[in-house]
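Step one of this worksheet: look at the structure below.
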Amino acid sequence: MSASVSYAVSDSLTMLRRNLKHALRYPAMTFSVVLMPVMILLLFNYAYGDALGAGIGGGSYIDYVTPGIVLMAATSGSVATAVGVCVDMTEGIVNRFRTMAISRSAFLAGHVVGSVIQTVIALVLVFGAAFAMGFRSSAGPVEWLAAIELLVFVILALTWISAGIGLVAKTPESASNTPLPLTFLPFIGSAIVPPDSMPTALRWFAEYQPFTPIIETLRGLLMGTPIGNSAWSALAWCTGLTLLGYFWSRSVFYRR
């Protein structure tokens, strides 16, 4: 490993520790990533579960809705990334970093990796709440491993995009509001009900938006339902979003 790469890795780990310490000292954002999906899971399972479950072709509604709500928790974690990056940019700490012998890539890497770790922990808690409500998976170790890898890939893609949002946002408030459509986009997919039950225009959007194949792949891995071509579409979307967010955020950061 060259000296420059070694310094970049070391600096990135330092930034990662910094962001994880911030998360421990100010856990409100991480707590909200867990709270909102759990509240929505409670609402749809206990208030609307009987009515909505009748339209999914049998089976427990909690088993149907959990993969979509888990994905929504993954998208919620992106808000924390945007806010954290924006706070650092607007409060001037980045200008101080630039006067120090710190790899420029370490700032973004620390934020992204730290956010991925926090969001994965949040997903574990959401899964725990789902199991407490009656969610039961038929997946074996291989399927669980594949589902976890897909979720981490999704989180990575959304985190890079949110890092770019945080870089261009003028205030932390705007940084927290801009990624919100990502949080609710799974609802206009197959997270709550099958797209077949939607009006024609909405069904077309639900079938071709990025989160539907991801949800269907997760559902297939965890519940043993048919996946079809959803896995390839999910991987293609995750790859494209990751590359888009990575190059966009780096481009914005190096221009500022």
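Following the order of the structure tokens, chains are lettered A, B, ..., residues in each are numbered from 1, and ligands are numbered from 1.
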
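When the distance limit is 9 Å and only C-alpha atoms are what count, the residues near Asn19 in chain A, minus those fewer than 2 positions from it on the same chain, are Thr14, Met15, Leu16, Arg17, Lys21, His22, Ala23, Leu24, Gly84, Gly110, His111, Gly114 and Ser115 of chain A.
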
What are the nearest atom pairs, with distances in Å to one decimal, for all residues of range 88-172 of chain A that come at most 12 Å from range 237-249 of chain A, using only C-alpha atoms, set out by chain and rising residue number as a Markdown table?
```
| residue | atom | partner | partner_atom | distance |
| --- | --- | --- | --- | --- |
| A:Ser105 | CA | A:Ser249 | CA | 10.6 |
| A:Phe107 | CA | A:Ser249 | CA | 11.3 |
| A:Leu108 | CA | A:Ser249 | CA | 8.2 |
| A:Ala109 | CA | A:Tyr246 | CA | 10.0 |
| A:His111 | CA | A:Ser249 | CA | 11.7 |
| A:Val112 | CA | A:Tyr246 | CA | 10.0 |
| A:Glu149 | CA | A:Cys238 | CA | 11.4 |
| A:Leu150 | CA | A:Cys238 | CA | 8.6 |
| A:Leu151 | CA | A:Cys238 | CA | 9.7 |
| A:Val152 | CA | A:Cys238 | CA | 10.0 |
| A:Phe153 | CA | A:Cys238 | CA | 6.4 |
| A:Val154 | CA | A:Cys238 | CA | 5.8 |
| A:Ile155 | CA | A:Cys238 | CA | 9.0 |
| A:Leu156 | CA | A:Thr242 | CA | 6.7 |
| A:Ala157 | CA | A:Thr242 | CA | 3.9 |
| A:Leu158 | CA | A:Thr242 | CA | 7.1 |
| A:Thr159 | CA | A:Gly245 | CA | 7.8 |
| A:Trp160 | CA | A:Gly245 | CA | 4.6 |
| A:Ile161 | CA | A:Gly245 | CA | 4.1 |
| A:Ser162 | CA | A:Gly245 | CA | 7.6 |
| A:Ala163 | CA | A:Ser249 | CA | 6.2 |
| A:Gly164 | CA | A:Ser249 | CA | 4.1 |
| A:Ile165 | CA | A:Ser249 | CA | 7.9 |
| A:Gly166 | CA | A:Ser249 | CA | 8.9 |
| A:Leu167 | CA | A:Ser249 | CA | 7.2 |
| A:Val168 | CA | A:Ser249 | CA | 9.0 |
| A:Ala169 | CA | A:Ser249 | CA | 12.0 |
```

Q.
Please list as a ChimeraX atom specification every residue within 6 Å of range 58-68 of chain A, counting only C-alpha atoms and excluding residues in the same chain fewer than 5 positions away.
A. /A:45,49,53,135,191-192,215,219

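Taking CA of Ile40 in chain A as the reference point, CA of Pro199 in chain A is found at 23.2 Å.
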
In terms of only C-alpha atoms, the residue from A:Leu222, A:Met89, A:Met39, A:Leu235 at minimal distance from Ser138 in chain A is A:Leu222

Using only C-alpha atoms, the shortest atom-to-atom distance to Gly224 in chain A among A:Ala139, A:Ala236, A:Leu123, A:Leu202 belongs to A:Ala139

Self-check item: Gly228 in chain A surroundings by only C-alpha atoms, 12 Å radius, close-in-sequence under 4 positions cut, as a ChimeraX atom specification
Solution: /A:213-214,216-217,219-221,224,232-234

Margin query: Can you tell me, as a ChimeraX atom specification, which residues in range 10-240 of chain A count as helix (DSSP H, G or I) by DSSP?
Written below: /A:10-25,28-47,49-53,61-90,93-98,104-132,141-168,172-177,180-188,195-197,200-208,211-223,230-240

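Counting only C-alpha atoms and comparing A:Thr183, A:Leu145, A:Phe127, A:Ile56, the residue that lies closest to Gly77 in chain A is A:Thr183.
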
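Nearest residue to Met133 in chain A, choosing from A:Phe253, A:Phe44, A:Phe31, A:Phe211 and counting only C-alpha atoms: A:Phe44.
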
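Closest approach to Leu71 in chain A among A:Thr200, A:Gln209, A:Ser174, A:Thr119: A:Thr119, based on only C-alpha atoms.
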